[in-house]
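Single-structure report; data block below.
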Amino acid sequence: MIAFKNVSKTFRLEKREVHAVQNVSLTIGEGEIFGIIGFSGAGKSTLLRLVNMLERPTEGTITIHGTDINKLSPKELRKRRSNIGMIFQNFNLFHSRTVAGNIAYPLKLAGWSKAKINDRVAELLSFVGLSDKAKDYPDQLSGGQKQRVGIARALATSPDVICDEATSALDPETTADILRLLKKVNKEFGITVLLITHEMHVIQSICHRVAVMENGRVIESGDVFEVFTNPQHETTQRFIQSVQQDLPSENIMQEWRKRGGKKLYRVIFKGSITNDSVLSQVTQKHDVHFNIVYGSVQELQEKLFGNLLISFEGDTPKIQATISELASLVDIREVTDLES
Ligand SMILES: Nc1ncnc2c1ncn2[C@@H]1O[C@H](COP(=O)(O)OP(=O)(O)OP(=O)(O)O)[C@@H](O)[C@H]1O
């Protein structure tokens with residue numbers, strides 16, 4: 001478990017102070033994939049550097065597996081650091097070492113015997129699907145393969161893994177591939193993964209919990225399903241919109257208005273109710289018709305999440321009765337932000 005309690009990090013420059021991390025309290029549970037998302041400059045990298053002990057907090061405490069890391073001696077700190085596997089955005093491989101040599105490196109530092117190192121490297125190469133590349137050099141590999149080496153190296157001695165924008169240098173298909181591999185790392189070995197990203201789809205595809213950072217602070221955090229389906233903060237909403245496209249384009253809306261478009265309502269279904277025919281049952285009961293204008297149903301953390309824009313046709317009192325009844329079953333609200 002990794003716990004931050006009221007952690008702040010201030011960089012003191014010649015003429016000013018930078019409050020890179022401000023009063024952050026977070027708990028990352030054993031065996032979970034925890035994502036930290038934020039725009040550039042939000043403080044994500046600094047938070048990561050505090051976990052791998054490359055920076056010391058100005059205030060507050062960070063506990064890893066019950067040990068307050070501020071209280072460690074330099075020697076203990078080095079040992080602890082070797083227990084945290086780091087996966088880098090730009091891979092950070094030794095170009096003069098082979099793939100096997102890169103993976104063996106942390107094991108050598110940890111004093112493992114040659115025989116044990118060979119076995120472990122073979123096991124890790126097989127896990128990341130690169131057994132045939134053991135003798136190749138990093139420059140002979142694709143970006144995705146390099147990141148697989150990075151993941152194998154991070155796993156070599158580590159009970160915890162942290163990732164610094166692990167997929168931001170990769171194309172979408174390779175990104176999906178690496179995210180699947182990280183998920184497998186977490187599932188098969190129960191390894192805790194802490195990752196930072198500025199891409200919401202990374203959070204959406206593999207994280208269990210998420211914290212959103214802005215100006216050094218955590219502005220929102222929680223279970224990914226909850227945060228996605230009920231974002232509280234405007235910045236969180238912006239991140240979610242980047243993967244959800246819950247608003248049609250202005251052209252579509254103009255067309256809709258031109259054709260005498262009615263009032264629009266956003267209806268949000270969460271979990272099992274998504275499978276029920278709630279909309280058709282309630283509208284039929286009140287003798288109202290509905291029209292789905294835009295929307296999607298997605299899977300998030302193995303649960304369904306529907307986000308639809310609909311309009312109603314029928315007598316106004318009947319529409320009101322329909323909306324009232326729907327409001328007791330799902331989230332429904334009139335959409336005003338699209339109206340000209
Ligand atoms: N060593 C440092 N000295 C001074 N200021 C720093 C230092 N490291 C980071 N900062 C500042 O702290 C703030 C947070 O930076 P940080 O790199 O943690 O953000 P980030 O969310 O990781 O951004 P990015 O996504 O661009 O990497 C920024 O204003 C940055 O300029």
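Residues are referred to by chain and number: the chain letter is A, B, ... according to the order shown in the structure tokens, the number counts from 1 in that chain, and ligands are numbered separately from 1 in the order shown.
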Please identify which residues in range 106-308 of chain A DSSP calls helix (DSSP H, G or I) from the backbone, and express them as a PyMOL selection string.
chain A and resi 106-109+114-127+131-133+138-140+143-155+172-189+200-206+224-229+234-244+250-258+271-275+278-285
If the limit is 9 Å from any atom of ligand 1, counting only C-alpha atoms and all ligand atoms, which residues qualify? Return them as an MDAnalysis selection string.
chainID A and resid 9:13 17:21 37:49 55 164:165 196:198 213:216
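Excluding Ser205 in chain A and any residue on its chain fewer than 4 positions from it, the residues at most 8 Å away by only C-alpha atoms are Leu179, His201, Leu300 and Gln301 of chain A.
Residues in contact with range 132-144 of chain A at 6 Å, where only C-alpha atoms are counted and same-chain residues fewer than 6 positions away are skipped, are listed as His95, Thr98, Val99, Ala100 and Thr174 of chain A.
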Limited to N, CA and C atoms, could you put the picked residues into a file as a CSV table (one decimal), in the first residue's frame?
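Saved file selection_31.csv follows:
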chain,number,residue,atom,x,y,z
A,95,HIS,N,21.3,1.2,-24.4
A,95,HIS,CA,21.4,0.9,-25.8
A,95,HIS,C,22.6,-0.1,-26.1
A,98,THR,N,22.0,-5.9,-24.4
A,98,THR,CA,20.9,-6.6,-25.1
A,98,THR,C,19.6,-6.5,-24.3
A,99,VAL,N,18.6,-7.0,-24.9
A,99,VAL,CA,17.3,-7.1,-24.2
A,99,VAL,C,17.4,-7.8,-22.9
A,100,ALA,N,18.1,-9.0,-23.0
A,100,ALA,CA,18.3,-9.8,-21.8
A,100,ALA,C,19.1,-9.0,-20.8
A,174,THR,N,-0.5,0.0,-30.5
A,174,THR,CA,0.5,-0.4,-29.6
A,174,THR,C,0.2,0.0,-28.1
